[in-house]
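Taking it in order: structure first as C-alpha cells, then the write-up.
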Amino acid sequence: MAKTSSPHVLMKKAIITYVCAAISLAASAQKPAISRDEQVEKQVEQTLQRLSLDEKIGQMCELTIDVITDNDSRDFRLNEEALHKVFAKYKVGSILNVPKGVAQKPEVWSTLIRRLNQLSMETCSAVPQIYGVDQIHGASYTWGATLFPQEVGQAASFNRNIPYRVSQIAAYESRACLIPWVYSPVMDLGRQPLWSRMWESYGEDVYLSCEMAQQAVRGYQGDNPNHIAPDRVAACLKHFMAYGVPVSGKDRTPSSVTERDMREKFFQPFRAAIQAGALSLMVNSGVNNGVPFHANSKYLTRWLKEELQWDGMIVTDWADINNICTRDHVAATKKDAICMAINAGIDMSMVPYEVEFCDLLRELVNEGRVPMTRIDDAVRRVLRLKIRLGLLDKKTWDKDVKTLAREFPDFAGEGFVSEAKQMTEECMVLLKNTPAEAGGQSLLPLNEGTHILVCGPNADNLRGMNGGWTYTWQGDRTNELGKQMGDYPTFQKALKERFGEANVLYLKGVEWDRRNFNLDHQADDWDALSDAAKAADVVIACVGENSYCETPGNINDLNLSDNQKMMVRMLSQAGKPIVLILTEGRPRIIRDIEPLCRAIVHTFLPGNYGAIALARLLAGDNDFTGRMPFTYPKYHGALVTYDFKPCEQTGQMAGNYNYDAVMDVQWPFGFGMHYTTVTYSNMRVDKSTFREGDVLSVSVDVTNRGSRPTKECVLLYSSDLVASLTPDSRRLRAFDKVALKAGETRTVTFQLPANNLSFVDLNDHWVLEPGDFRLAISDQFLTVRCVK
C-alpha cells in the first residue's frame, strides 16, 4: 500500500520527530564521543598549569620541517640556528611534513623525531612536539613501507576489514619511525567527479564512507582512544567538511551545500569516525556559502565540540588561517584572521612557515580579543592528544635505531606484503565481460598460452598505479624510487610473469609527457601497434591517469585523453578483442570507446601490488569481487550520484511542456561483475510495520550458481516513497561481503534500525515520517510501513 493511501500521511500532519543520539542538537543529552579518563585529565591540567602564555601559544603552532632544515645541504640536515628559534624562543608544539620532500628511511625519521622531542622537552616545560605526516595508503612517506590501494579502491572492496588492516599496518610502520600522528583518513564524500582528490575518498555514499571511516580509525588507534598503544598512531580526519564537492570541480574552491545536506550527508562520516574515537581533525580549506570553514564557529564549535561532546583537537590545513585574509577577503589582516579562526574553534594552526602567528596571537590575547579561556581550551586539546599518545613519557620515543628495529620486526615483512596482495584483488571491479557472440564464452578469464599485446601509458607506470602521496606529494618519483625499494612489477611485467614472457608483447603506444604529467603523446612505437595487435590473440590497453594530488590535478574536461582514445580505436581495427584496464583516481569519460572493448576492468589506484593482483584476476586465479564506490558518468555534462532526486529520472510529461529527464550513466554505484553467477531469493523482513526505535531484521538468500568460489557484496537499499521533502531515490543502508563456495547458498541478515530511515527537515531536526518504504537487495524488494 502506498503512502498516499492515507490522507494524514500525505498531508504529513503526523510526523515522528527525533534527534539521533549521535547527532543531537542538545549537547546536554549526549554521551561524550570519547569517554573521560580521569588519569588523562589530571595530567592535562597539571601540565597546563605549568605552561606560560608563550608556551601555550607555541603548543598551538605547527611548522613544516623545511623551516628547520639546512636547505644548503644536499643531504637532510637540521639548521641549528632555526631549531633554537623555533623551540627555545617560540616553543612550537608541532612539526609536519617529510624532509626534502621525499620518503625517508625509518632510521632517518626516528633520529629526526627523537632529536626534536628531546629539544622541545628541554625548552617547553617537558612537553615534546608532536610530528604529523601524510601517511595515506600505507606509510607512504616511509622508505620501503608496505603500500596498499588508495581509499577509493579500498571502498570498492566493500570489505570493512580492508581499511582496518591498511590503517593498522600503516600505524605499525609509522610508529617504527617514531611518527605518532598521521593525516588520515580522508572523510570527504567524493560526489564531484572533477575533484582532484576524489581518489583519496571512500566514494560518494554516506553509509559506505561512515563504515569505512570507523574501521580506519580503529585500525590507526586501536579500541582505547585514551591510551594509544605503542604500535598505533593518532588519526586525523580530513577535511571537515564538504571539501569533495567544489562547485567548479577545482581543488580548494567554494562549495554550495545546504544546511540540510551538510548535516544529513557530509557531517555523517566525520560524526561516525569521531564516535569511533578519532583524536584529531583537519579542516576544509574552502568556503561554503560565503563562509570559510576555518572561521565557521557553528561547524567547528557547536556541531563538533558541543553536540558530539568531543574533546579532540582541530588543526587547520596548510596556511588556511592566512587564507581567510589573503584569499577569502573576510578579514582585513592576518591578525584579524587569526582572531576569527581561533575564536571559531581552531586549536592548532598549520602555519606552516612563519612564527609570526605566535606573536600575533599573543597580541590578541593581551588585547582581550581572544579570551584566555579559549587559549586554555585549545591547549588542553593539544596536550590531551600528546598525553593519549604517551608522548610525555620519554620511554615511548627515546629509542635508538636498533631498539626500534627490534620492537618492530614485521616492518615491510612478507606477512604485510602477502596481505597487501590479497587485499588488492578485492579492490578491483570487473565492469564488462562479453562473449564474441550471443551465447558464447565471455572473454575473461584468459586462457593459458594466450598471446597478449599490452600497451598504453599505464602499462609500465608504477606512478599511475599508486597515485599521489606516494614517496612524494605528487607521486612523481614513484617509478624511480619504487625500483630502488622493491622493484615492484608494473602491469606489463606482471602479465609476463603470469602468462609467460614469450606470450606477452609490450609496446607503449601512448606515453606520459615528462614535463607535464597531465599530458600524453604518441610514443615512438605507435606505428608498430597495428601489426602487433593483428598478431595477438588479445589486446590489453592500460589507460587512465598519471599521478597527481590536490590543485596540480585540476582539470577542465573529464574525457579520457584524445591520444588514448585514438589508440583504442586503432587497436579495434585489428579485429582482436580488447581488454580495457582503467587506472585512474576519478572517472574519465570513455563513452565512445566502451563499445570497442570486450572487457573492462577498473583498478582505481591499486598500489605497488596492483599489477600482481590484476594478472591473477585476468588469469582467473581468483574472482573479481569489487563494486563501484561511485557513479561512473557517461557524459561530462551529466554528473550525478546514485541517490539522485526522483525528478532527475522522469518520463515525458503530458501536455504542451515537453519535460523529461533521463538518468544515463556508464556504470552505477554498486555495480560489479563476477566470473560466476550469483542469484538472490526469498527476501523477507521480520515486521511489515514499525515505529521509531524499532529494529528491522531483513534477510535474503544468496546463491553461487557457478563452478568457482567467490565473494559477494550484498547491498541493502531503502527508498522513502513519499516524504514531506522530496526524498532521495534510494540510499544504501547496510552491506556485507560473504564468501560463497561453488553451488553454496547462504542467508544474509541485516539489523536495520528504523531511525536510520530518517532525514533532516528544514528545522535541522532528524525526522522519521509515517508511510511506506521500499527495501531492496539486488532484484529482490519488499515494502514496509512506518506507523505513528
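Labels used: A, B, ... for chains in the order of the C-alpha cells, numbers from 1 for residues in each chain, and numbers from 1 for ligands as shown.
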- request: Excluding Asp311 of chain A and residues on its chain fewer than 3 positions from it, collect all residues at most 12 Å away from it, counting only C-alpha atoms, and give them as a ChimeraX atom specification.
  value: /A:31-37,40-41,44,225-226,274-275,277-281,300-301,304-308,314,345,347,377-385,388
Please identify every residue of segment 596-674 of chain A that has at least one atom no farther than 12 Å from an atom of segment 678-701 of chain A, counting only C-alpha atoms, and for each give the shortest atom pair and the distance in Å to one decimal, arranged by chain then increasing number, as JSON lines.
{"residue": "A:Thr625", "atom": "CA", "partner": "A:Val678", "partner_atom": "CA", "distance": 11.2}
{"residue": "A:Gly672", "atom": "CA", "partner": "A:Val678", "partner_atom": "CA", "distance": 11.5}
{"residue": "A:Met673", "atom": "CA", "partner": "A:Val678", "partner_atom": "CA", "distance": 9.5}
{"residue": "A:His674", "atom": "CA", "partner": "A:Val678", "partner_atom": "CA", "distance": 8.1}
Env of Asn458 of chain A: 10 Å cut, atoms = only C-alpha atoms, seq-sep filter 3 positions within chain, self excluded. Answer as a short mmCIF file (atom, residue, chain, number, x, y, z; two decimals) with N, CA, C and O atoms, in the first residue's frame.
data_model
loop_
_atom_site.label_atom_id
_atom_site.label_comp_id
_atom_site.auth_asym_id
_atom_site.auth_seq_id
_atom_site.Cartn_x
_atom_site.Cartn_y
_atom_site.Cartn_z
N VAL A 454 50.13 -5.92 -24.70
CA VAL A 454 49.77 -4.98 -23.64
C VAL A 454 50.39 -3.63 -23.98
O VAL A 454 51.56 -3.54 -24.38
N CYS A 455 49.60 -2.58 -23.87
CA CYS A 455 50.07 -1.27 -24.30
C CYS A 455 49.34 -0.17 -23.52
O CYS A 455 48.44 -0.44 -22.72
N ASN A 461 53.82 1.78 -15.71
CA ASN A 461 53.84 3.05 -14.97
C ASN A 461 53.43 2.83 -13.52
O ASN A 461 52.26 2.90 -13.17
N LEU A 462 54.42 2.53 -12.67
CA LEU A 462 54.14 2.35 -11.25
C LEU A 462 53.56 3.61 -10.64
O LEU A 462 52.73 3.55 -9.72
N ARG A 463 53.96 4.75 -11.17
CA ARG A 463 53.44 6.03 -10.69
C ARG A 463 51.91 6.10 -10.84
O ARG A 463 51.20 6.49 -9.92
N GLY A 464 51.42 5.71 -12.01
CA GLY A 464 49.99 5.75 -12.25
C GLY A 464 49.23 4.76 -11.39
O GLY A 464 48.07 4.99 -11.02
N MET A 465 49.87 3.65 -11.04
CA MET A 465 49.22 2.65 -10.20
C MET A 465 49.05 3.12 -8.76
O MET A 465 48.12 2.71 -8.07
N THR A 490 55.18 -3.61 -12.77
CA THR A 490 54.12 -2.87 -13.44
C THR A 490 53.20 -3.87 -14.14
O THR A 490 53.44 -5.08 -14.13
N PHE A 491 52.14 -3.37 -14.77
CA PHE A 491 51.18 -4.28 -15.41
C PHE A 491 51.86 -5.17 -16.44
O PHE A 491 51.62 -6.40 -16.48
N GLN A 492 52.67 -4.59 -17.31
CA GLN A 492 53.24 -5.41 -18.38
C GLN A 492 54.19 -6.47 -17.82
O GLN A 492 54.23 -7.60 -18.31
N LYS A 508 54.47 0.71 -26.00
CA LYS A 508 53.91 1.87 -25.30
C LYS A 508 52.64 2.38 -25.98
O LYS A 508 51.61 2.56 -25.36
N VAL A 510 51.10 4.97 -26.37
CA VAL A 510 50.97 6.32 -25.83
C VAL A 510 51.79 6.38 -24.54
O VAL A 510 51.79 5.41 -23.77
N GLU A 511 52.47 7.48 -24.31
CA GLU A 511 53.25 7.63 -23.08
C GLU A 511 53.02 9.00 -22.48
O GLU A 511 52.61 9.94 -23.16
N TRP A 512 53.30 9.10 -21.17
CA TRP A 512 53.11 10.37 -20.46
C TRP A 512 54.21 11.35 -20.79
O TRP A 512 55.37 10.97 -20.95
N ALA A 541 44.73 -2.90 -23.14
CA ALA A 541 45.05 -1.47 -23.23
C ALA A 541 44.93 -0.84 -21.85
O ALA A 541 43.84 -0.81 -21.27
N CYS A 542 46.04 -0.35 -21.32
CA CYS A 542 46.10 0.21 -19.97
C CYS A 542 46.04 1.73 -20.06
O CYS A 542 47.04 2.39 -20.42
N VAL A 543 44.89 2.28 -19.76
CA VAL A 543 44.66 3.70 -19.93
C VAL A 543 44.25 4.34 -18.60
O VAL A 543 44.06 3.67 -17.60
N GLY A 544 44.08 5.66 -18.63
CA GLY A 544 43.62 6.36 -17.43
C GLY A 544 44.39 7.63 -17.17
O GLY A 544 44.60 8.45 -18.07
N GLU A 545 44.85 7.76 -15.92
CA GLU A 545 45.52 8.99 -15.49
C GLU A 545 46.91 8.69 -14.96
O GLU A 545 47.21 7.57 -14.55
N ASN A 546 47.74 9.72 -14.95
CA ASN A 546 49.01 9.68 -14.25
C ASN A 546 48.77 10.14 -12.82
O ASN A 546 47.66 10.56 -12.46
N ILE A 581 41.89 -1.60 -19.38
CA ILE A 581 42.23 -1.50 -17.97
C ILE A 581 42.25 -0.03 -17.59
O ILE A 581 43.07 0.76 -18.09
N LEU A 582 41.34 0.35 -16.70
CA LEU A 582 41.26 1.72 -16.23
C LEU A 582 42.06 1.86 -14.93
O LEU A 582 41.79 1.16 -13.95
N THR A 583 43.02 2.76 -14.93
CA THR A 583 43.79 3.07 -13.73
C THR A 583 43.72 4.57 -13.56
O THR A 583 44.44 5.33 -14.23
N GLU A 584 42.83 5.03 -12.68
CA GLU A 584 42.53 6.45 -12.60
C GLU A 584 41.91 6.77 -11.24
O GLU A 584 41.26 5.92 -10.63
#
TODO: Per DSSP on the backbone, filter segment 360-478 of chain A down to the residues in strand (DSSP E) and report them as a ChimeraX atom specification.
DONE: /A:429-433,452-455
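Between Gln104 of chain A and the residues A:Met241, A:Met121, A:Leu481, A:Val365, the shortest atom-to-atom distance, using only C-alpha atoms, involves A:Leu481.
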- [ ] List every residue of segment 484-589 of chain A that DSSP, applied to the backbone of this structure, places in alpha helix (DSSP H), and write the result as a list in words.
- [x] Gln484, Met485, Phe491, Gln492, Lys493, Ala494, Leu495, Lys496, Glu497, Arg498, Phe499, Leu529, Ser530, Asp531, Ala532, Ala533, Lys534, Ala535, Asp562, Asn563, Gln564, Lys565, Met566, Met567, Val568, Arg569, Met570, Leu571 and Ser572 of chain A
Restricting the output to C-alpha atoms, write the selected residues as a tab-separated table (two decimals), in the first residue's frame.
chain	number	residue	atom	x	y	z
A	484	GLN	CA	65.19	1.22	-5.68
A	485	MET	CA	62.94	-0.03	-2.89
A	491	PHE	CA	51.18	-4.28	-15.41
A	492	GLN	CA	53.24	-5.41	-18.38
A	493	LYS	CA	55.86	-7.09	-16.19
A	494	ALA	CA	53.28	-8.89	-14.04
A	495	LEU	CA	51.45	-10.13	-17.15
A	496	LYS	CA	54.72	-11.54	-18.50
A	497	GLU	CA	55.38	-13.28	-15.19
A	498	ARG	CA	51.88	-14.78	-15.07
A	499	PHE	CA	51.32	-15.71	-18.74
A	529	LEU	CA	50.81	-1.12	-32.71
A	530	SER	CA	48.51	-2.13	-35.55
A	531	ASP	CA	50.60	-5.07	-36.76
A	532	ALA	CA	51.24	-6.20	-33.18
A	533	ALA	CA	47.51	-6.17	-32.43
A	534	LYS	CA	46.79	-8.28	-35.51
A	535	ALA	CA	49.36	-10.85	-34.40
A	562	ASP	CA	42.37	12.10	-27.26
A	563	ASN	CA	45.59	10.13	-27.72
A	564	GLN	CA	44.42	7.27	-25.52
A	565	LYS	CA	41.04	7.11	-27.23
A	566	MET	CA	42.73	7.20	-30.64
A	567	MET	CA	44.94	4.30	-29.57
A	568	VAL	CA	41.91	2.17	-28.62
A	569	ARG	CA	40.17	2.98	-31.91
A	570	MET	CA	43.23	1.99	-33.91
A	571	LEU	CA	43.64	-1.23	-31.93
A	572	SER	CA	39.99	-2.13	-32.57
Can you write out as a tab-separated table which residues of segment 118-216 of chain A fall within 6 Å of segment 243-249 of chain A, alongside each residue's closest atom pair and its distance in Å to one decimal, counting only C-alpha atoms and ordering rows by chain and ascending residue number?
residue	atom	partner	partner_atom	distance
A:Asp188	CA	A:Gly244	CA	5.4
A:Leu189	CA	A:Gly244	CA	5.6
A:Gly190	CA	A:Gly244	CA	5.3
A:Arg191	CA	A:Val245	CA	5.9
A:Gln192	CA	A:Val245	CA	5.1
A:Leu194	CA	A:Gly249	CA	4.8
A:Trp195	CA	A:Gly249	CA	4.8
What would the file look like if the residues just selected were written as an mmCIF file, in the first residue's frame with N, CA and C atoms?
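After the write, again.cif holds the following:
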data_model
loop_
_atom_site.group_PDB
_atom_site.id
_atom_site.type_symbol
_atom_site.label_atom_id
_atom_site.label_comp_id
_atom_site.auth_asym_id
_atom_site.auth_seq_id
_atom_site.Cartn_x
_atom_site.Cartn_y
_atom_site.Cartn_z
ATOM 1 N N ASP A 188 36.018 13.019 3.224
ATOM 2 C CA ASP A 188 35.209 13.784 2.278
ATOM 3 C C ASP A 188 34.449 12.840 1.346
ATOM 4 N N LEU A 189 33.199 13.154 1.088
ATOM 5 C CA LEU A 189 32.423 12.378 0.135
ATOM 6 C C LEU A 189 32.831 12.776 -1.287
ATOM 7 N N GLY A 190 33.173 11.786 -2.104
ATOM 8 C CA GLY A 190 33.586 12.044 -3.485
ATOM 9 C C GLY A 190 32.379 12.108 -4.400
ATOM 10 N N ARG A 191 31.704 13.249 -4.385
ATOM 11 C CA ARG A 191 30.458 13.404 -5.144
ATOM 12 C C ARG A 191 30.605 14.407 -6.292
ATOM 13 N N GLN A 192 31.825 14.861 -6.564
ATOM 14 C CA GLN A 192 32.098 15.754 -7.691
ATOM 15 C C GLN A 192 33.250 15.118 -8.477
ATOM 16 N N LEU A 194 35.006 15.744 -10.987
ATOM 17 C CA LEU A 194 36.133 16.559 -11.434
ATOM 18 C C LEU A 194 37.175 16.765 -10.337
ATOM 19 N N TRP A 195 36.761 16.640 -9.103
ATOM 20 C CA TRP A 195 37.622 16.957 -7.961
ATOM 21 C C TRP A 195 38.912 16.148 -8.001
#
_If we count only C-alpha atoms and set the cut-off at 10 Å, which residues sit around segment 296-299 of chain A, ignoring sequence neighbours fewer than 2 positions away in its own chain? Please answer as a VMD selection string._
chain A and resid 240 to 241 262 to 263 267 287 to 288 291 to 294 301 to 307 340 to 346
